[in-house]
Amino acid sequence: MIPDKVPQEDVYHAPQDLVKGAHVPNFEKYKELYLKSIQSPEEFWGDIAKDFFWKTKHTGKFLDYNFDVTKGNIYIQCMEGATTNICYNALDWNIHQRNLGDKVAFYWEGNEPGDELKVTYRELLHQVCKFANVLKSVGVRKGDRVSIYMPMVVELVVAMLACARIGAVHSIVFAGFSAESLFERIMDSQCSLLITADGFYRGDKLISLKLIADDALQRCRDKGVPVEKCIMLKHLSKEQPDSPAASPSPPAKRPCPDLQVPWNPEVDLCWHTLVDGASEECEPEWCASEDPLFILYTSGSTGKPKGVLHTVSGYMLYAATTFKLVFDYQPDDVYWCTADIGWITGHSYITYGPLTNGATSVLFEGLPTYPDMSRMWEIVDKYQVTKFYTAPTAIRLLMKYGSAPVQKFRRDSLKVLGTVGEPINPEAWQWYYSVVGEKKCPVVDTFWQTETGGHVLTPLPAATPMKPGSATFPFFGVVPAILNESGEELEGPSEGYLVFKQPWPGIMRTVYGNHQRFEATYFQKFPGYYVTGDGCRRDQDGYFWITGRIDDMLNVSGHLLSTAEVESALVEHPAVSEAAVVGRPHPVKGESLYCFVTLIDGVAYSTTLETELKQQVREKIGAIATPDYMQNAPGLPKTRSGKIMRRVLRKIARNERDLGDVSTLADSSVIDQLFNNRCPTAV
Ligand code: WTA
């Protein structure tokens, strides 16, 4: 499985000073630990678990599971009998056991340069306890679901940890999602409470978040399923809707006269008023290992997002261990992950992984390009960041502006660079490695998914010789395989479906409210395996290379979107009878959306309609799903059985005339028409 030897030439090695003192200092050590993690998981994870607080110890097997649908229901159970609390481990345990009360947990850097705030572990614990008491006071109990729709502020971390403290299940919805998407997620998770903020700035753009949240809540009411309460944080407004209480975050420096903050006294509660009188003490709820911790929605190929459910103990161990080893975390590190907490990367590698390790992190509200192209490097310099984690799309975006904005600031504090979200093209890898890291920092290309909870294929910075563009080898406890279309495991250099043969502690446990969908999506195609939905190649040295999605999923700027989701947003427009969406390579975003729309008889295609359709997709899903290209398609290429041939549409979107075998096409005359109607901007 893991090669005996890895090449020493034409690969990149970590510098000696990083190797010294690294948790996993060389490939031999990685192999030894990997074998132990597979052969004696009880011992491997048992040693790790000793660093955590358990109210009661586990009694059953470390991992008990069924991965084979033909043998019964799929289940994964970790550390049966143990009780703990992840918030207690992240805060109280670090403060009392490791004496980290005065250590900075977060340097918060706002959208506007100069908006900043420092929070220590002790301060964070106090804020979390107060808010946990607030949650209890509004009736939230263990097991209840709470939706959180907030910008990147410290209070977002406070809200999620407060839920975890009382055993409530958070469901964070990325603040770039539309009212419709928020509504859909609230309904699916049956939340009784929504936590939001008045608004925030994204670069120059003001987002009236409460306005969008209210729209979502109205849709719930219209469906006859009202959400009882909505707690709103005042992040931007100095005018307090119902009280003059002070905000823990400094008010934004930028005036915001256009901010709209509707207020419904029947439902709305002010964060600050509630927190003001709350106690700083809150005994954690001791949760069983398999109690739910959070739900996070991810795109599904049928269009309806799936509520990926993670549970307490396994997720905690996995997020903490991957963070520690993949970034080779050291106590004096200043770590910065640029993701949004609304995605899994933020859950595992801004909140839970760093905090359970007692790390100091930067929490950034703004954009890499605002107010200028140097912002990221200015922040790296300002806080002397040592470990930096971002997405290939951000690297490609900044690459376009050359090395000057990077070199304006010192980056000699940096030790490890990471990427996540999509395959990184070797050119972007080289730029990241050479220009940003000045050839002194290993680049950890971490492959994982919302479903996997943490990194599953990844280099360890001091141990794994790197190849640009390869996520290299499995993390501890993870057993990958490559299957062909008939489900046979391929050996040696090969390409096919990436699957995993057994669970690791951090794998998702179910799709919230729909276990059958969980089994059908991940376990049906190849019984006995978890199917990632990604293609993968293994080279002659045993390195894994992710080749991209092989299902109807698109990866736009590191965010997964399903073609079905975008298509259904388009056909809801009265002028559209049918739509087909495919990906087209994009130099910055990785992939962009190319939409083919068939209009109902008698409606003429126009640029006004095109703008309306793009707007419709934004409203239904959010700005990340805005189509880049759209074209009129009076006919779509279909098989005789009526299936749209997306393969052909992908070629048309790319303007590639060699269509391969089109003998199954029912009406070949549509092809010329589609080429003639191509979107003129898609050159
Ligand atoms: C893709 C994000 C190649 C992949 C953590 C996966 C990657 C999907 C990488 C999950 C990587 C993520 N190399 N592809 N290093 N990281 N992906 O659920 O297609 O938002 O299935 O989780 O992103 O996206 P998700």
# chains A, B, ... in the order shown; residues from 1 in each chain; ligands from 1
>>> residues_around(residues="region 417-419 of chain A", least_positions_apart="3", cutoff="8 Å", atoms="only C-alpha atoms", output="PyMOL selection string")
chain A and resi 327+387-392+414+424+433+437+441-446
>>> closest_atom_pairs(of="chain A", to="ligand 1", cutoff="8 Å", atoms="only C-alpha atoms and all ligand atoms", output="CSV")
residue,atom,partner,partner_atom_place_in_ligand_line,distance
A:Thr298,CA,ligand 1,18 (O),6.3
A:Trp343,CA,ligand 1,20 (O),6.5
A:Ile344,CA,ligand 1,5 (C),6.0
A:Thr345,CA,ligand 1,5 (C),5.4
A:Thr419,CA,ligand 1,15 (N),6.3
A:Val420,CA,ligand 1,16 (N),4.4
A:Gly421,CA,ligand 1,12 (C),3.5
A:Glu422,CA,ligand 1,14 (N),3.4
A:Pro423,CA,ligand 1,3 (C),3.4
A:Ile424,CA,ligand 1,13 (N),6.3
A:Asp445,CA,ligand 1,15 (N),4.9
A:Thr446,CA,ligand 1,15 (N),4.2
A:Phe447,CA,ligand 1,15 (N),3.5
A:Trp448,CA,ligand 1,5 (C),4.9
A:Gln449,CA,ligand 1,22 (O),3.5
A:Thr450,CA,ligand 1,18 (O),3.7
A:Glu451,CA,ligand 1,18 (O),6.3
A:Gly454,CA,ligand 1,5 (C),7.5
A:His455,CA,ligand 1,5 (C),7.7
A:Leu457,CA,ligand 1,15 (N),7.9
A:Thr458,CA,ligand 1,15 (N),7.7
A:Gly469,CA,ligand 1,13 (N),7.8
A:Ser470,CA,ligand 1,13 (N),7.6
A:Ala471,CA,ligand 1,15 (N),5.9
A:Thr532,CA,ligand 1,21 (O),6.1
A:Gly533,CA,ligand 1,21 (O),6.3
A:Asp534,CA,ligand 1,19 (O),5.6
A:Trp545,CA,ligand 1,3 (C),7.7
A:Ile546,CA,ligand 1,3 (C),5.0
A:Thr547,CA,ligand 1,3 (C),7.0
A:Gly548,CA,ligand 1,19 (O),5.3
A:Arg549,CA,ligand 1,19 (O),5.1
A:Asn555,CA,ligand 1,19 (O),6.7
A:Gly558,CA,ligand 1,23 (O),6.2
A:His559,CA,ligand 1,20 (O),5.3
A:Leu560,CA,ligand 1,20 (O),5.6
>>> closest_residue(among="A:Val511, A:Leu124, A:Ala278, A:Val362", to="Val308 (chain A)", atoms="only C-alpha atoms")
A:Val511
>>> closest_residue(among="A:Phe473, A:Tyr370, A:Tyr383, A:Trp286", to="Leu398 (chain A)", atoms="only C-alpha atoms")
A:Tyr370
>>> select_by_dssp(residues="region 362-589 of chain A", states="strand (DSSP E)", output="PyMOL selection string")
chain A and resi 362-364+387-390+416-420+443-446+480-483+494-500+510-511+530-538+544-549+553-556+559-562+576-586
>>> residues_around(residues="region 5-13 of chain A", least_positions_apart="6", cutoff="12 Å", atoms="only C-alpha atoms", output="short mmCIF file (atom, residue, chain, number, x, y, z; two decimals) with N, CA and C atoms, in the first residue's frame")
data_model
loop_
_atom_site.label_atom_id
_atom_site.label_comp_id
_atom_site.auth_asym_id
_atom_site.auth_seq_id
_atom_site.Cartn_x
_atom_site.Cartn_y
_atom_site.Cartn_z
N VAL A 19 12.45 19.67 9.79
CA VAL A 19 12.52 18.24 10.09
C VAL A 19 12.88 18.04 11.56
N PRO A 25 9.08 13.03 11.54
CA PRO A 25 10.24 13.67 10.91
C PRO A 25 10.70 13.06 9.59
N ASN A 26 10.28 11.83 9.26
CA ASN A 26 10.75 11.26 7.99
C ASN A 26 9.78 10.19 7.49
N PHE A 27 10.02 9.74 6.27
CA PHE A 27 9.08 8.82 5.63
C PHE A 27 9.03 7.48 6.35
N GLU A 28 10.17 7.05 6.90
CA GLU A 28 10.21 5.80 7.66
C GLU A 28 9.24 5.85 8.84
N TYR A 30 6.68 7.86 9.17
CA TYR A 30 5.31 7.88 8.65
C TYR A 30 4.82 6.47 8.37
N LYS A 31 5.67 5.67 7.71
CA LYS A 31 5.28 4.30 7.36
C LYS A 31 5.00 3.47 8.61
N VAL A 416 5.10 26.30 6.86
CA VAL A 416 4.36 25.30 6.09
C VAL A 416 3.24 26.01 5.35
N TRP A 429 1.15 25.56 -7.92
CA TRP A 429 1.94 24.96 -6.84
C TRP A 429 3.33 25.61 -6.82
N GLN A 430 3.95 25.69 -8.03
CA GLN A 430 5.30 26.25 -8.13
C GLN A 430 5.34 27.70 -7.67
N TYR A 433 4.97 27.77 -3.92
CA TYR A 433 6.19 27.27 -3.29
C TYR A 433 7.34 28.27 -3.43
N SER A 434 7.53 28.81 -4.64
CA SER A 434 8.72 29.64 -4.90
C SER A 434 8.52 31.08 -4.48
N LYS A 439 10.77 28.91 -1.52
CA LYS A 439 11.37 27.57 -1.60
C LYS A 439 11.81 27.04 -0.23
N LYS A 440 11.25 27.62 0.84
CA LYS A 440 11.66 27.15 2.17
C LYS A 440 10.54 26.38 2.88
N CYS A 441 9.34 26.42 2.32
CA CYS A 441 8.20 25.81 3.02
C CYS A 441 7.61 24.66 2.21
N PRO A 442 7.47 23.50 2.85
CA PRO A 442 6.74 22.44 2.16
C PRO A 442 5.30 22.88 1.88
N VAL A 443 4.75 22.37 0.78
CA VAL A 443 3.34 22.65 0.46
C VAL A 443 2.55 21.37 0.71
N VAL A 444 1.62 21.40 1.66
CA VAL A 444 0.80 20.22 1.90
C VAL A 444 -0.50 20.35 1.10
N PRO A 459 0.29 15.01 2.20
CA PRO A 459 1.67 14.86 2.68
C PRO A 459 1.74 15.25 4.15
N LEU A 460 2.76 14.76 4.86
CA LEU A 460 3.10 15.32 6.17
C LEU A 460 4.36 16.14 5.90
N PRO A 461 4.38 17.40 6.35
CA PRO A 461 5.37 18.34 5.78
C PRO A 461 6.83 17.91 5.90
N ALA A 462 7.22 17.29 7.01
CA ALA A 462 8.63 16.93 7.15
C ALA A 462 8.93 15.54 6.60
N ALA A 463 7.88 14.73 6.44
CA ALA A 463 8.10 13.31 6.14
C ALA A 463 7.95 12.94 4.67
N THR A 464 7.07 13.64 3.96
CA THR A 464 6.69 13.18 2.63
C THR A 464 7.36 14.01 1.54
N PRO A 465 8.22 13.40 0.71
CA PRO A 465 8.75 14.15 -0.43
C PRO A 465 7.58 14.54 -1.35
N MET A 466 7.54 15.79 -1.75
CA MET A 466 6.35 16.29 -2.46
C MET A 466 6.53 16.28 -3.97
N LYS A 467 5.40 16.02 -4.64
CA LYS A 467 5.35 16.18 -6.09
C LYS A 467 4.26 17.21 -6.35
N PRO A 468 4.56 18.29 -7.06
CA PRO A 468 3.55 19.34 -7.28
C PRO A 468 2.29 18.80 -7.95
N GLY A 469 1.15 18.95 -7.29
CA GLY A 469 -0.11 18.50 -7.86
C GLY A 469 -0.58 17.17 -7.31
N SER A 470 0.23 16.51 -6.50
CA SER A 470 -0.18 15.22 -5.92
C SER A 470 -0.49 15.38 -4.44
N THR A 472 -0.36 13.02 -2.53
CA THR A 472 0.61 12.00 -2.07
C THR A 472 -0.01 10.73 -1.48
N PHE A 473 -0.07 10.63 -0.13
CA PHE A 473 -0.40 9.35 0.52
C PHE A 473 -1.49 9.51 1.57
N ASP A 539 0.69 6.91 -9.55
CA ASP A 539 1.83 6.87 -10.47
C ASP A 539 2.78 5.72 -10.11
N GLN A 540 3.88 5.65 -10.84
CA GLN A 540 4.82 4.52 -10.65
C GLN A 540 5.45 4.52 -9.26
N ASP A 541 5.44 5.66 -8.59
CA ASP A 541 6.02 5.72 -7.23
C ASP A 541 4.97 5.53 -6.15
N GLY A 542 3.73 5.28 -6.55
CA GLY A 542 2.68 5.04 -5.56
C GLY A 542 1.97 6.32 -5.10
N TYR A 543 2.31 7.46 -5.68
CA TYR A 543 1.67 8.73 -5.31
C TYR A 543 0.25 8.80 -5.88
#
>>> residues_around(residues="Leu156 (chain A)", least_positions_apart="5", cutoff="9 Å", atoms="only C-alpha atoms", output="list in words")
Ile148, Tyr149, Met150, Pro151, Leu161, Ile195, Thr196 and Ile341 of chain A
>>> closest_atom_pairs(of="region 469-499 of chain A", to="region 39-58 of chain A", cutoff="12 Å", atoms="only C-alpha atoms", output="Markdown table")
| residue | atom | partner | partner_atom | distance |
| --- | --- | --- | --- | --- |
| A:Phe476 | CA | A:Phe44 | CA | 9.0 |
| A:Gly477 | CA | A:Pro41 | CA | 7.2 |
| A:Val478 | CA | A:Pro41 | CA | 10.7 |
| A:Val479 | CA | A:Gln39 | CA | 11.3 |
>>> select_by_dssp(residues="region 29-190 of chain A", states="alpha helix (DSSP H)", output="ChimeraX atom specification")
/A:29-39,41-49,86-90,92-96,121-137,154-166,179-189
>>> residues_around(residues="region 110-123 of chain A", least_positions_apart="4", cutoff="10 Å", atoms="only C-alpha atoms", output="mmCIF file with C-alpha atoms, in the first residue's frame")
data_model
loop_
_atom_site.group_PDB
_atom_site.id
_atom_site.type_symbol
_atom_site.label_atom_id
_atom_site.label_comp_id
_atom_site.auth_asym_id
_atom_site.auth_seq_id
_atom_site.Cartn_x
_atom_site.Cartn_y
_atom_site.Cartn_z
ATOM 1 C CA ALA A 90 -11.052 23.004 23.207
ATOM 2 C CA LEU A 91 -11.282 25.550 26.033
ATOM 3 C CA ASP A 92 -11.461 24.415 29.691
ATOM 4 C CA ASN A 94 -6.436 23.833 27.557
ATOM 5 C CA ILE A 95 -6.876 26.468 30.232
ATOM 6 C CA HIS A 96 -6.743 24.186 33.257
ATOM 7 C CA ASN A 99 -2.269 26.562 31.428
ATOM 8 C CA LEU A 100 -3.200 28.326 28.199
ATOM 9 C CA GLY A 101 -5.761 30.770 29.649
ATOM 10 C CA ASP A 102 -3.794 33.839 28.594
ATOM 11 C CA LYS A 103 -2.762 32.475 25.228
ATOM 12 C CA VAL A 104 -4.350 34.149 22.215
ATOM 13 C CA ALA A 105 -6.908 31.866 20.582
ATOM 14 C CA PHE A 106 -7.739 34.253 17.747
ATOM 15 C CA GLN A 127 -18.009 34.373 25.953
ATOM 16 C CA VAL A 128 -18.914 30.781 25.085
ATOM 17 C CA CYS A 129 -20.322 30.047 28.548
ATOM 18 C CA MET A 152 -16.434 35.624 9.883
ATOM 19 C CA VAL A 153 -16.493 37.135 13.357
ATOM 20 C CA VAL A 154 -15.381 35.761 16.715
ATOM 21 C CA PHE A 200 -21.078 42.724 6.987
ATOM 22 C CA TYR A 201 -18.814 44.069 4.310
ATOM 23 C CA ARG A 202 -17.236 41.788 1.760
ATOM 24 C CA GLY A 203 -14.613 44.091 0.325
ATOM 25 C CA ASP A 204 -16.584 47.132 -0.829
ATOM 26 C CA PRO A 248 -17.636 42.382 21.970
ATOM 27 C CA SER A 249 -16.315 43.061 18.486
ATOM 28 C CA PRO A 250 -15.390 46.639 17.761
ATOM 29 C CA PRO A 251 -17.902 48.268 15.431
ATOM 30 C CA ALA A 252 -16.631 48.303 11.884
ATOM 31 C CA LYS A 253 -14.672 51.393 10.941
ATOM 32 C CA ARG A 254 -16.590 51.856 7.776
ATOM 33 C CA GLU A 280 -19.887 33.127 32.754
ATOM 34 C CA LEU A 355 -8.582 25.001 19.375
ATOM 35 C CA GLY A 358 -4.413 25.098 21.952
ATOM 36 C CA ALA A 359 -3.230 26.933 18.844
ATOM 37 C CA THR A 360 -3.210 30.648 18.073
ATOM 38 C CA VAL A 362 -5.808 34.389 12.620
ATOM 39 C CA LEU A 363 -9.525 34.732 11.883
ATOM 40 C CA PHE A 364 -9.975 36.876 8.787
ATOM 41 C CA GLU A 365 -13.242 38.471 7.761
ATOM 42 C CA GLY A 366 -12.166 40.026 4.485
ATOM 43 C CA LEU A 367 -11.018 39.222 0.978
ATOM 44 C CA PRO A 368 -7.550 38.453 -0.405
ATOM 45 C CA TYR A 370 -9.252 44.047 -0.611
ATOM 46 C CA PRO A 371 -8.174 46.794 -0.279
ATOM 47 C CA ARG A 375 -3.725 41.967 1.872
ATOM 48 C CA GLU A 378 0.340 42.067 4.899
ATOM 49 C CA ILE A 379 -1.581 39.919 7.412
#
